[in-house]
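K.L.:
Enclosed is the structure file target-v7.pdb (PDB, C-alpha atoms and all ligand atoms).
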```pdb
ATOM      1  CA  MET A 627     116.856  87.503  61.672
ATOM      2  CA  SER A 628     116.083  91.214  62.310
ATOM      3  CA  SER A 629     114.873  92.266  65.786
ATOM      4  CA  ALA A 630     111.518  93.289  64.280
ATOM      5  CA  ALA A 631     111.016  89.779  62.936
ATOM      6  CA  ARG A 632     111.911  88.247  66.316
ATOM      7  CA  ARG A 633     109.459  90.457  68.257
ATOM      8  CA  ALA A 634     106.289  88.563  69.286
ATOM      9  CA  PRO A 635     103.168  89.708  67.450
ATOM     10  CA  GLN A 636     101.305  92.250  69.593
ATOM     11  CA  GLU A 637      98.450  90.694  71.534
ATOM     12  CA  GLU A 638      95.033  91.926  70.471
ATOM     13  CA  ALA A 639      93.648  94.883  72.431
ATOM     14  CA  LEU A 640      90.854  93.962  74.848
ATOM     15  CA  VAL A 641      89.643  97.555  75.083
ATOM     16  CA  GLN A 642      90.404 100.235  72.491
ATOM     17  CA  GLY A 643      91.975 103.360  73.926
ATOM     18  CA  GLU A 644      95.031 105.529  74.413
ATOM     19  CA  TYR A 645      97.009 102.629  75.910
ATOM     20  CA  HIS A 646      97.298  99.082  74.600
ATOM     21  CA  PHE A 647      95.348  96.939  77.096
ATOM     22  CA  THR A 648      95.324  93.192  76.592
ATOM     23  CA  GLU A 649      93.548  90.232  78.107
ATOM     24  CA  ALA A 650      96.820  89.333  79.841
ATOM     25  CA  ASP A 651      96.908  92.818  81.455
ATOM     26  CA  PHE A 652      93.295  92.424  82.595
ATOM     27  CA  LYS A 653      93.946  88.953  84.012
ATOM     28  CA  ALA A 654      97.036  90.164  85.881
ATOM     29  CA  VAL A 655      95.109  93.079  87.453
ATOM     30  CA  ALA A 656      92.150  90.825  88.320
ATOM     31  CA  ALA A 657      94.471  88.275  89.983
ATOM     32  CA  MET A 658      96.112  90.984  92.114
ATOM     33  CA  LEU A 659      92.773  92.482  93.204
ATOM     34  CA  HIS A 660      91.502  89.017  94.071
ATOM     35  CA  ALA A 661      94.610  88.206  96.111
ATOM     36  CA  ASP A 662      94.645  91.587  97.893
ATOM     37  CA  ALA A 663      90.945  92.202  98.543
ATOM     38  CA  GLY A 664      88.967  89.070  97.615
ATOM     39  CA  ILE A 665      87.219  91.048  94.887
ATOM     40  CA  HIS A 666      86.206  89.067  91.816
ATOM     41  CA  LEU A 667      86.482  90.978  88.532
ATOM     42  CA  PRO A 668      84.546  89.229  85.742
ATOM     43  CA  PRO A 669      85.674  89.823  82.129
ATOM     44  CA  ALA A 670      82.661  92.132  81.656
ATOM     45  CA  LYS A 671      84.504  94.665  83.874
ATOM     46  CA  ALA A 672      87.406  95.052  81.418
ATOM     47  CA  THR A 673      86.264  98.464  80.153
ATOM     48  CA  LEU A 674      85.807  99.731  83.702
ATOM     49  CA  VAL A 675      89.267  98.478  84.694
ATOM     50  CA  TYR A 676      90.770 100.153  81.651
ATOM     51  CA  SER A 677      89.078 103.506  82.261
ATOM     52  CA  ARG A 678      89.962 103.607  85.951
ATOM     53  CA  LEU A 679      93.571 102.507  85.530
ATOM     54  CA  ALA A 680      94.385 104.438  82.349
ATOM     55  CA  LYS A 681      94.301 107.541  84.577
ATOM     56  CA  ARG A 682      96.977 105.994  86.780
ATOM     57  CA  VAL A 683      99.121 105.064  83.744
ATOM     58  CA  ARG A 684      98.842 108.685  82.554
ATOM     59  CA  THR A 685      99.507 110.215  85.990
ATOM     60  CA  LEU A 686     102.618 108.078  86.397
ATOM     61  CA  ARG A 687     103.705 108.952  82.820
ATOM     62  CA  LEU A 688     104.221 105.295  81.977
ATOM     63  CA  ALA A 689     104.549 104.248  78.351
ATOM     64  CA  SER A 690     102.139 101.335  78.459
ATOM     65  CA  PHE A 691      99.666  99.308  80.471
ATOM     66  CA  ALA A 692     102.182  96.467  80.536
ATOM     67  CA  ASP A 693     104.590  98.802  82.382
ATOM     68  CA  TYR A 694     101.847  99.588  84.901
ATOM     69  CA  VAL A 695     101.158  95.892  85.514
ATOM     70  CA  ALA A 696     104.882  95.250  85.961
ATOM     71  CA  LEU A 697     105.102  98.141  88.445
ATOM     72  CA  VAL A 698     102.199  97.030  90.678
ATOM     73  CA  ALA A 699     103.364  93.411  90.576
ATOM     74  CA  GLY A 700     106.883  94.322  91.708
ATOM     75  CA  GLU A 701     108.575  95.272  94.988
ATOM     76  CA  ASN A 702     108.741  98.976  94.075
ATOM     77  CA  GLY A 703     105.039  99.134  93.331
ATOM     78  CA  LYS A 704     103.623  98.597  96.824
ATOM     79  CA  ASP A 705     102.243 102.147  97.184
ATOM     80  CA  GLU A 706     100.820 102.136  93.678
ATOM     81  CA  ARG A 707      99.154  98.799  94.385
ATOM     82  CA  ILE A 708      97.123 100.577  97.085
ATOM     83  CA  ASN A 709      96.212 103.276  94.553
ATOM     84  CA  MET A 710      95.163 100.541  92.151
ATOM     85  CA  LEU A 711      92.945  98.991  94.811
ATOM     86  CA  ALA A 712      91.441 102.399  95.612
ATOM     87  CA  ALA A 713      90.798 103.031  91.908
ATOM     88  CA  LEU A 714      89.075  99.676  91.413
ATOM     89  CA  THR A 715      86.912  99.446  94.524
ATOM     90  CA  THR A 716      83.415 100.893  94.447
ATOM     91  CA  ASN A 717      82.988 103.367  97.281
ATOM     92  CA  VAL A 718      79.413 104.462  96.592
ATOM     93  CA  THR A 719      77.627 105.163  99.861
ATOM     94  CA  ARG A 720      75.280 107.697 101.405
ATOM     95  CA  TYR A 721      73.844 108.812 104.710
ATOM     96  CA  PHE A 722      70.968 106.602 105.879
ATOM     97  CA  ARG A 723      71.276 104.321 102.863
ATOM     98  CA  GLU A 724      68.564 101.642 103.138
ATOM     99  CA  PRO A 725      66.880 103.647 105.907
ATOM    100  CA  HIS A 726      64.897 100.720 107.358
ATOM    101  CA  HIS A 727      68.171  99.308 108.739
ATOM    102  CA  PHE A 728      68.554 102.318 111.003
ATOM    103  CA  ASP A 729      64.985 101.941 112.290
ATOM    104  CA  LEU A 730      65.742  98.265 112.951
ATOM    105  CA  LEU A 731      69.047  99.126 114.643
ATOM    106  CA  ARG A 732      67.027 101.350 116.951
ATOM    107  CA  THR A 733      64.264  98.849 117.782
ATOM    108  CA  GLN A 734      66.129  95.516 117.594
ATOM    109  CA  VAL A 735      69.424  96.461 119.201
ATOM    110  CA  LEU A 736      69.627  99.896 120.817
ATOM    111  CA  GLN A 737      66.320 100.205 122.663
ATOM    112  CA  PRO A 738      66.739  96.806 124.393
ATOM    113  CA  LEU A 739      70.298  97.775 125.418
ATOM    114  CA  ALA A 740      69.640 101.398 126.400
ATOM    115  CA  ASP A 741      69.057 100.908 130.144
ATOM    116  CA  ALA A 742      72.090  98.650 130.541
ATOM    117  CA  ALA A 743      74.225 101.097 128.522
ATOM    118  CA  LYS A 744      73.124 103.979 130.760
ATOM    119  CA  ALA A 745      74.193 101.861 133.748
ATOM    120  CA  GLY A 746      77.657 101.464 132.202
ATOM    121  CA  ALA A 747      77.370  98.302 130.063
ATOM    122  CA  ARG A 748      79.521  97.927 126.989
ATOM    123  CA  VAL A 749      77.841  98.439 123.601
ATOM    124  CA  ARG A 750      79.769  97.825 120.395
ATOM    125  CA  LEU A 751      78.709  98.350 116.767
ATOM    126  CA  TRP A 752      80.781  97.706 113.635
ATOM    127  CA  SER A 753      80.517  99.213 110.187
ATOM    128  CA  ALA A 754      82.581  96.730 108.130
ATOM    129  CA  GLY A 755      83.334  98.266 104.722
ATOM    130  CA  CYS A 756      82.460 101.779 105.891
ATOM    131  CA  SER A 757      83.663 103.628 102.764
ATOM    132  CA  THR A 758      83.800 107.410 103.361
ATOM    133  CA  GLY A 759      82.012 107.270 106.716
ATOM    134  CA  GLN A 760      78.369 108.046 105.981
ATOM    135  CA  GLU A 761      77.285 104.610 107.258
ATOM    136  CA  PRO A 762      79.003 104.756 110.674
ATOM    137  CA  TYR A 763      77.955 108.408 111.176
ATOM    138  CA  SER A 764      74.344 107.395 110.408
ATOM    139  CA  MET A 765      74.735 104.615 112.999
ATOM    140  CA  ALA A 766      76.150 107.133 115.496
ATOM    141  CA  MET A 767      73.211 109.524 114.985
ATOM    142  CA  THR A 768      70.854 106.590 115.544
ATOM    143  CA  VAL A 769      72.721 105.684 118.739
ATOM    144  CA  LEU A 770      72.437 109.249 120.064
ATOM    145  CA  SER A 771      68.729 109.341 119.236
ATOM    146  CA  VAL A 772      68.208 106.411 121.637
ATOM    147  CA  ILE A 773      71.042 106.987 124.135
ATOM    148  CA  PRO A 774      71.676 110.773 124.151
ATOM    149  CA  GLU A 775      74.539 110.483 126.671
ATOM    150  CA  ALA A 776      76.301 107.733 124.634
ATOM    151  CA  ALA A 777      79.482 109.765 124.116
ATOM    152  CA  ARG A 778      80.085 109.666 127.898
ATOM    153  CA  LEU A 779      79.297 105.939 128.194
ATOM    154  CA  ASP A 780      81.014 102.719 127.058
ATOM    155  CA  VAL A 781      79.312 102.877 123.661
ATOM    156  CA  LYS A 782      81.569 102.669 120.610
ATOM    157  CA  ILE A 783      81.382 102.174 116.863
ATOM    158  CA  LEU A 784      84.221 100.605 114.905
ATOM    159  CA  ALA A 785      84.368 101.729 111.261
ATOM    160  CA  THR A 786      86.736  99.837 108.938
ATOM    161  CA  ASP A 787      87.578  99.649 105.262
ATOM    162  CA  ILE A 788      90.400  98.237 103.156
ATOM    163  CA  ASP A 789      90.926 101.535 101.313
ATOM    164  CA  PRO A 790      93.054 103.962 103.367
ATOM    165  CA  ASN A 791      91.768 106.979 101.403
ATOM    166  CA  VAL A 792      88.131 106.434 102.331
ATOM    167  CA  VAL A 793      89.060 105.677 105.943
ATOM    168  CA  GLU A 794      90.835 109.049 106.100
ATOM    169  CA  THR A 795      87.806 110.826 104.589
ATOM    170  CA  GLY A 796      85.596 109.231 107.241
ATOM    171  CA  ARG A 797      88.017 110.219 109.979
ATOM    172  CA  ARG A 798      87.929 113.855 108.809
ATOM    173  CA  GLY A 799      84.128 113.896 108.821
ATOM    174  CA  ILE A 800      83.658 116.734 106.315
ATOM    175  CA  TYR A 801      80.894 116.408 103.706
ATOM    176  CA  ASN A 802      79.425 118.576 100.980
ATOM    177  CA  GLU A 803      75.835 119.762 100.765
ATOM    178  CA  GLU A 804      74.736 116.941  98.472
ATOM    179  CA  ALA A 805      76.251 114.243 100.709
ATOM    180  CA  VAL A 806      74.359 115.432 103.808
ATOM    181  CA  SER A 807      71.023 115.907 102.026
ATOM    182  CA  PRO A 808      69.606 112.504 103.184
ATOM    183  CA  VAL A 809      70.237 113.382 106.862
ATOM    184  CA  PRO A 810      66.926 114.260 108.569
ATOM    185  CA  LYS A 811      66.841 117.987 109.377
ATOM    186  CA  GLU A 812      66.718 117.629 113.162
ATOM    187  CA  MET A 813      69.760 115.324 113.072
ATOM    188  CA  ARG A 814      71.625 117.623 110.696
ATOM    189  CA  ASP A 815      70.985 120.610 112.978
ATOM    190  CA  ARG A 816      72.246 118.652 115.928
ATOM    191  CA  TYR A 817      75.192 116.613 114.707
ATOM    192  CA  LEU A 818      76.590 118.508 111.719
ATOM    193  CA  LYS A 819      77.944 122.056 111.714
ATOM    194  CA  ARG A 820      77.796 124.087 108.559
ATOM    195  CA  ASP A 821      80.879 125.897 107.279
ATOM    196  CA  ARG A 822      79.113 128.348 104.955
ATOM    197  CA  ASP A 823      82.283 129.747 103.394
ATOM    198  CA  ALA A 824      83.585 126.340 102.413
ATOM    199  CA  GLY A 825      80.113 125.034 101.495
ATOM    200  CA  GLN A 826      80.729 122.054 103.735
ATOM    201  CA  TRP A 827      79.327 120.313 106.769
ATOM    202  CA  VAL A 828      81.542 119.043 109.590
ATOM    203  CA  VAL A 829      80.488 116.357 112.052
ATOM    204  CA  THR A 830      80.347 117.494 115.682
ATOM    205  CA  PRO A 831      83.029 116.294 118.125
ATOM    206  CA  GLU A 832      80.303 114.424 120.030
ATOM    207  CA  LEU A 833      79.309 112.376 116.975
ATOM    208  CA  ARG A 834      82.926 111.887 115.945
ATOM    209  CA  SER A 835      83.941 110.671 119.411
ATOM    210  CA  LEU A 836      81.682 107.613 119.144
ATOM    211  CA  ILE A 837      83.590 106.220 116.158
ATOM    212  CA  THR A 838      87.042 104.710 115.676
ATOM    213  CA  PHE A 839      88.120 104.565 112.026
ATOM    214  CA  ASN A 840      90.677 101.908 111.057
ATOM    215  CA  GLU A 841      91.958 100.157 107.960
ATOM    216  CA  LEU A 842      90.924  96.497 107.903
ATOM    217  CA  ASN A 843      90.881  93.946 105.120
ATOM    218  CA  LEU A 844      87.914  91.608 105.562
ATOM    219  CA  ILE A 845      89.854  88.739 103.942
ATOM    220  CA  GLY A 846      92.925  89.350 106.143
ATOM    221  CA  ASP A 847      93.550  89.220 109.889
ATOM    222  CA  TRP A 848      91.085  90.996 112.133
ATOM    223  CA  PRO A 849      92.855  92.480 115.153
ATOM    224  CA  ILE A 850      89.527  92.616 116.950
ATOM    225  CA  LYS A 851      88.800  91.456 120.474
ATOM    226  CA  GLY A 852      85.346  91.231 121.919
ATOM    227  CA  LYS A 853      81.913  90.906 120.441
ATOM    228  CA  PHE A 854      79.523  93.267 118.748
ATOM    229  CA  ASP A 855      75.863  94.029 119.351
ATOM    230  CA  ALA A 856      75.371  94.918 115.690
ATOM    231  CA  ILE A 857      77.426  94.544 112.520
ATOM    232  CA  PHE A 858      76.651  96.453 109.346
ATOM    233  CA  CYS A 859      78.363  94.853 106.328
ATOM    234  CA  ARG A 860      76.361  96.200 103.446
ATOM    235  CA  ASN A 861      77.191  96.279  99.743
ATOM    236  CA  VAL A 862      80.698  94.905 100.367
ATOM    237  CA  VAL A 863      80.628  91.103  99.954
ATOM    238  CA  ILE A 864      78.626  91.487  96.737
ATOM    239  CA  TYR A 865      82.042  91.799  95.029
ATOM    240  CA  PHE A 866      83.318  88.518  96.551
ATOM    241  CA  GLU A 867      82.755  84.932  95.407
ATOM    242  CA  GLU A 868      80.463  82.769  97.490
ATOM    243  CA  PRO A 869      83.123  80.791  99.436
ATOM    244  CA  THR A 870      84.726  84.094 100.500
ATOM    245  CA  GLN A 871      81.324  85.426 101.577
ATOM    246  CA  GLU A 872      80.657  82.265 103.578
ATOM    247  CA  ARG A 873      84.008  82.552 105.342
ATOM    248  CA  ILE A 874      83.222  86.137 106.311
ATOM    249  CA  TRP A 875      79.758  85.265 107.679
ATOM    250  CA  GLY A 876      81.382  82.525 109.769
ATOM    251  CA  ARG A 877      83.951  84.963 111.136
ATOM    252  CA  PHE A 878      81.282  87.570 111.931
ATOM    253  CA  ARG A 879      79.437  84.869 113.844
ATOM    254  CA  THR A 880      82.316  84.512 116.305
ATOM    255  CA  HIS A 881      82.241  88.284 116.866
ATOM    256  CA  MET A 882      78.521  88.561 117.609
ATOM    257  CA  GLN A 883      76.785  88.683 120.978
ATOM    258  CA  PRO A 884      73.933  86.144 121.242
ATOM    259  CA  HIS A 885      71.386  88.955 120.766
ATOM    260  CA  ALA A 886      73.347  90.709 117.981
ATOM    261  CA  ARG A 887      72.081  91.559 114.516
ATOM    262  CA  LEU A 888      73.935  91.470 111.205
ATOM    263  CA  TYR A 889      72.702  93.868 108.513
ATOM    264  CA  VAL A 890      73.622  93.184 104.862
ATOM    265  CA  GLY A 891      72.898  94.983 101.590
ATOM    266  CA  HIS A 892      69.578  94.609  99.782
ATOM    267  CA  SER A 893      71.049  92.265  97.135
ATOM    268  CA  GLU A 894      73.081  90.178  99.592
ATOM    269  CA  ARG A 895      72.101  86.986 101.433
ATOM    270  CA  VAL A 896      73.690  85.123 104.326
ATOM    271  CA  GLY A 897      73.669  81.469 103.280
ATOM    272  CA  ASP A 898      75.262  80.185 106.512
ATOM    273  CA  PRO A 899      72.638  77.954 108.195
ATOM    274  CA  ARG A 900      73.824  79.088 111.627
ATOM    275  CA  PHE A 901      72.088  82.423 110.948
ATOM    276  CA  GLU A 902      68.394  83.081 110.628
ATOM    277  CA  THR A 903      66.810  86.070 109.017
ATOM    278  CA  ASP A 904      64.370  88.527 110.511
ATOM    279  CA  GLY A 905      63.471  89.474 106.950
ATOM    280  CA  LEU A 906      64.627  92.681 105.306
ATOM    281  CA  THR A 907      68.287  91.594 105.112
ATOM    282  CA  THR A 908      68.688  91.427 108.878
ATOM    283  CA  TYR A 909      70.165  88.325 110.488
ATOM    284  CA  ARG A 910      70.611  86.945 113.989
ATOM    285  CA  LEU A 911      72.372  83.860 115.302
ATOM    286  CA  LYS A 912      70.220  80.758 115.341
ATOM    287  CA  GLY A 913      69.529  79.909 118.937
ATOM    288  CA  GLY A 914      70.772  83.340 120.044
ATOM    289  CA  ALA A 915      68.729  85.347 122.524
ATOM    290  CA  LEU A 916      65.883  87.174 120.810
TER     291      LEU A 916
HETATM  292  C1  LIG A1001      79.972 100.086  97.966
HETATM  293  S1  LIG A1001      80.927 100.468  99.393
HETATM  294  C2  LIG A1001      79.717 100.177 100.685
HETATM  295  C3  LIG A1001      79.766 101.246 101.757
HETATM  296  C4  LIG A1001      78.692 101.110 102.827
HETATM  297  N1  LIG A1001      78.807  99.880 103.550
HETATM  298  C5  LIG A1001      77.313 101.249 102.226
HETATM  299  O1  LIG A1001      76.594 100.266 102.093
HETATM  300  O2  LIG A1001      76.944 102.378 101.877
HETATM  301  C6  LIG A1001      81.995  99.033  99.509
HETATM  302  C7  LIG A1001      83.226  99.253 100.372
HETATM  303  O3  LIG A1001      83.820  97.984 100.642
HETATM  304  C8  LIG A1001      85.218  98.171 100.702
HETATM  305  N2  LIG A1001      85.892  96.880 100.525
HETATM  306  C9  LIG A1001      86.061  96.168  99.381
HETATM  307  N3  LIG A1001      86.787  95.070  99.620
HETATM  308  C10 LIG A1001      87.074  95.065 100.946
HETATM  309  C11 LIG A1001      87.808  94.189 101.788
HETATM  310  N4  LIG A1001      88.409  93.076 101.321
HETATM  311  N5  LIG A1001      87.900  94.506 103.104
HETATM  312  C12 LIG A1001      87.324  95.625 103.578
HETATM  313  N6  LIG A1001      86.628  96.498 102.834
HETATM  314  C13 LIG A1001      86.503  96.214 101.524
HETATM  315  C14 LIG A1001      85.492  99.174  99.605
HETATM  316  O4  LIG A1001      86.732  99.835  99.782
HETATM  317  C15 LIG A1001      84.281 100.106  99.711
HETATM  318  O5  LIG A1001      84.570 101.241 100.486
END
```
What does this structure look like when you write it as structure tokens?
P.N.:
Amino acid sequence: MSSAARRAPQEEALVQGEYHFTEADFKAVAAMLHADAGIHLPPAKATLVYSRLAKRVRTLRLASFADYVALVAGENGKDERINMLAALTTNVTRYFREPHHFDLLRTQVLQPLADAAKAGARVRLWSAGCSTGQEPYSMAMTVLSVIPEAARLDVKILATDIDPNVVETGRRGIYNEEAVSPVPKEMRDRYLKRDRDAGQWVVTPELRSLITFNELNLIGDWPIKGKFDAIFCRNVVIYFEEPTQERIWGRFRTHMQPHARLYVGHSERVGDPRFETDGLTTYRLKGGAL
């Protein structure tokens, strides 16, 4: 029998394009993303997966999608697997997104803690799934609006994300004109410095000093000691299946002070009965101090 006759018939393409992309390729990518990040990719995302990863196949000058899948699944593909994760995660964010949460952070958490903080008490906030940093910097501006001397006190914000690229962008704290447009003018004047030549805005050292940026996978180990007064985890678990979400709520619970608040995205819900809602996607521990 000739080699052509022995070759398996080519599997049907799932998405038409420059590279042959099959259901098996999609399933392999989806399984890796699920194992690495907890993200569930339904079949309806096949076109999105193709368009985002075809760029990687091209950049790496690979002959086929099957070669790409083999690379990221193998020992030599560890770095590219991080690029794959970065390409497939949604990093959309903006300054003061869902602005009512920052008003609530002020009234529910920061104002009641302000006097104790000024007397040296520890205050800890967490932006879990911080993307490129706009969320934790918005939290930091809110902190300084209530506790102006916060940078000299024991007040800190932890900002974490699974994607090392966005963590690095947050750490740098440099944003373009469009990105800073939602920042209220008085806060922009105070906490962002304009570099006219570069057309960019840079966060001030004071604002920056409140935040520690770190990589952290919410479905992995959390090298975190101590409890938080507020956790923002918004528009992150929406990509996870319900059991994964429930596990994360339970783990947040053990990292919350009795008076703490958990803020989630507008389309997310905390189903764990040990939490109760204040309305407006804000949660506190049942039986916790009000
Ligand atoms: C849509 S952004 C939300 C950013 C911000 N919280 C907001 O609401 O504007 C979702 C972020 O979650 C991160 N993410 C996805 N899976 C994650 C995981 N397993 N652990 C930590 N972060 C994750 C992504 O990298 C992305 O930056």
K.L.:
Could you list, as a VMD selection string, all the residues within 7 Å of ligand LIG 1001 (chain A), counting only C-alpha atoms and all ligand atoms?
P.N.:
chain A and resid 663 to 665 712 715 to 720 723 753 to 758 761 786 to 789 792 842 to 845 859 to 862 891
K.L.:
Just say which residues the PyMOL selection byres (((chain A and resi 886) around 8) and not hetatm) picks in this file, as number ranges by chain.
P.N.:
A: 735, 854-857, 882-885, 887-888, 910-911
K.L.:
So which residues touch Pro762 in chain A within 10 Å, counting only C-alpha atoms, skipping near sequence neighbours fewer than 6 positions away, as a list in words?
P.N.:
Tyr721, Phe722, Leu751, Trp752, Ser753, Ala754, Gly755, Cys756, Thr768, Ile783, Leu784, Ala785, Thr786, Gly796, Leu833, Arg834, Leu836, Ile837, Thr838, Phe839 and Phe858 of chain A
K.L.:
Can you write out the residues you just picked, keeping C-alpha atoms, as an mmCIF file, in the frame of the given file?
P.N.:
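See out_30.cif below for the written result:
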```cif
data_model
loop_
_atom_site.group_PDB
_atom_site.id
_atom_site.type_symbol
_atom_site.label_atom_id
_atom_site.label_comp_id
_atom_site.auth_asym_id
_atom_site.auth_seq_id
_atom_site.Cartn_x
_atom_site.Cartn_y
_atom_site.Cartn_z
ATOM 1 C CA TYR A 721 73.844 108.812 104.710
ATOM 2 C CA PHE A 722 70.968 106.602 105.879
ATOM 3 C CA LEU A 751 78.709 98.350 116.767
ATOM 4 C CA TRP A 752 80.781 97.706 113.635
ATOM 5 C CA SER A 753 80.517 99.213 110.187
ATOM 6 C CA ALA A 754 82.581 96.730 108.130
ATOM 7 C CA GLY A 755 83.334 98.266 104.722
ATOM 8 C CA CYS A 756 82.460 101.779 105.891
ATOM 9 C CA THR A 768 70.854 106.590 115.544
ATOM 10 C CA ILE A 783 81.382 102.174 116.863
ATOM 11 C CA LEU A 784 84.221 100.605 114.905
ATOM 12 C CA ALA A 785 84.368 101.729 111.261
ATOM 13 C CA THR A 786 86.736 99.837 108.938
ATOM 14 C CA GLY A 796 85.596 109.231 107.241
ATOM 15 C CA LEU A 833 79.309 112.376 116.975
ATOM 16 C CA ARG A 834 82.926 111.887 115.945
ATOM 17 C CA LEU A 836 81.682 107.613 119.144
ATOM 18 C CA ILE A 837 83.590 106.220 116.158
ATOM 19 C CA THR A 838 87.042 104.710 115.676
ATOM 20 C CA PHE A 839 88.120 104.565 112.026
ATOM 21 C CA PHE A 858 76.651 96.453 109.346
#
```
K.L.:
Counting all atoms listed in the file, what are the residues of range 704-736 of chain A within 12 Å of range 901-906 of chain A, and for each of them which pair of atoms is the nearest and at what distance in Å, to one decimal? Sort the table by chain and rising number, as a tab-separated table.
P.N.:
```
residue	atom	partner	partner_atom	distance
A:Glu724	CA	A:Leu906	CA	10.0
A:Pro725	CA	A:Leu906	CA	11.2
A:His726	CA	A:Leu906	CA	8.3
A:His727	CA	A:Leu906	CA	8.3
A:Phe728	CA	A:Leu906	CA	11.9
A:Asp729	CA	A:Leu906	CA	11.6
A:Leu730	CA	A:Leu906	CA	9.5
A:Gln734	CA	A:Asp904	CA	10.1
```
K.L.:
Give me, as an MDAnalysis selection string, all polymer residues having an atom no more than 10 Å from Ser677 in chain A, counting all atoms listed in the file and skipping those fewer than 6 positions away in the same chain.
P.N.:
chainID A and resid 641 643 713:714
K.L.:
Apply the PyMOL selection byres (((chain A and resi 775) around 12) and not hetatm) to the structure shown and report the selected residues as a ChimeraX atom specification.
P.N.:
/A:740-741,743-746,766-767,769-774,776-781,832-833,835-836
K.L.:
Using the chain letters and numbers from this file, what does the PyMOL selection byres (((chain A and resi 811-828) around 6) and not hetatm) select? Give the answer as a PDB file with C-alpha atoms, keeping the file's coordinate frame.
P.N.:
```
ATOM      1  CA  GLY A 799      84.128 113.896 108.821  1.00  0.00           C
ATOM      2  CA  ILE A 800      83.658 116.734 106.315  1.00  0.00           C
ATOM      3  CA  TYR A 801      80.894 116.408 103.706  1.00  0.00           C
ATOM      4  CA  ASN A 802      79.425 118.576 100.980  1.00  0.00           C
ATOM      5  CA  VAL A 809      70.237 113.382 106.862  1.00  0.00           C
ATOM      6  CA  PRO A 810      66.926 114.260 108.569  1.00  0.00           C
ATOM      7  CA  VAL A 829      80.488 116.357 112.052  1.00  0.00           C
ATOM      8  CA  THR A 830      80.347 117.494 115.682  1.00  0.00           C
TER       9      THR A 830
END
```
K.L.:
List as an mmCIF file with C-alpha atoms, in the coordinates of the input the residues having at least one atom at most 12 Å from position (96.4, 88.8, 82.8) as given in the file, counting all atoms listed in the file.
P.N.:
```cif
data_model
loop_
_atom_site.group_PDB
_atom_site.id
_atom_site.type_symbol
_atom_site.label_atom_id
_atom_site.label_comp_id
_atom_site.auth_asym_id
_atom_site.auth_seq_id
_atom_site.Cartn_x
_atom_site.Cartn_y
_atom_site.Cartn_z
ATOM 1 C CA GLU A 637 98.450 90.694 71.534
ATOM 2 C CA LEU A 640 90.854 93.962 74.848
ATOM 3 C CA PHE A 647 95.348 96.939 77.096
ATOM 4 C CA THR A 648 95.324 93.192 76.592
ATOM 5 C CA GLU A 649 93.548 90.232 78.107
ATOM 6 C CA ALA A 650 96.820 89.333 79.841
ATOM 7 C CA ASP A 651 96.908 92.818 81.455
ATOM 8 C CA PHE A 652 93.295 92.424 82.595
ATOM 9 C CA LYS A 653 93.946 88.953 84.012
ATOM 10 C CA ALA A 654 97.036 90.164 85.881
ATOM 11 C CA VAL A 655 95.109 93.079 87.453
ATOM 12 C CA ALA A 656 92.150 90.825 88.320
ATOM 13 C CA ALA A 657 94.471 88.275 89.983
ATOM 14 C CA MET A 658 96.112 90.984 92.114
ATOM 15 C CA LEU A 659 92.773 92.482 93.204
ATOM 16 C CA LEU A 667 86.482 90.978 88.532
ATOM 17 C CA PRO A 669 85.674 89.823 82.129
ATOM 18 C CA ALA A 672 87.406 95.052 81.418
ATOM 19 C CA PHE A 691 99.666 99.308 80.471
ATOM 20 C CA ALA A 692 102.182 96.467 80.536
ATOM 21 C CA VAL A 695 101.158 95.892 85.514
ATOM 22 C CA ALA A 696 104.882 95.250 85.961
ATOM 23 C CA ALA A 699 103.364 93.411 90.576
#
```
K.L.:
So the first atom is CA of Gln737 in chain A and the second is CA of Val749 in chain A; what is the distance between them in Å, to one decimal place?
P.N.:
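Going from CA of Gln737 in chain A over to CA of Val749 in chain A covers 11.7 Å.
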K.L.:
For Tyr889 in chain A, which of A:Glu841, A:Tyr645, A:Met765, A:Ser807 is the closest residue, counting all atoms listed in the file?
P.N.:
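The closest residue to Tyr889 in chain A is A:Met765.
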K.L.:
For each of A:Arg873, A:His660, A:Pro738, A:Pro790, take the minimum atom-to-atom distance to Asp705 in chain A, counting all atoms listed in the file, then give the residue where this is smallest.
P.N.:
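The closest residue to Asp705 in chain A is A:Pro790.
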K.L.:
Please, what distance in Å, to one decimal, runs between CA of Lys853 in chain A and CA of His881 in chain A?
P.N.:
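Result for CA of Lys853 in chain A versus CA of His881 in chain A: 4.4 Å, one decimal.
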K.L.:
Which is closer to Val675 in chain A than all the others in A:Ala747, A:Met710, A:Val890, A:Gly914, using all atoms listed in the file?
P.N.:
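Looking at the shortest contact to Val675 in chain A, the residue is A:Met710.
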K.L.:
Mind giving me the straight-line distance from CA of Ala670 in chain A to CA of Glu868 in chain A in Å, one decimal?
P.N.:
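Separation of CA of Ala670 in chain A and CA of Glu868 in chain A: 18.5 Å.
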K.L.:
Would you please work out which residue, of A:Glu701, A:Glu803, A:Glu872, A:Glu794, is nearest to Asn840 in chain A when using only C-alpha atoms?
P.N.:
A:Glu794
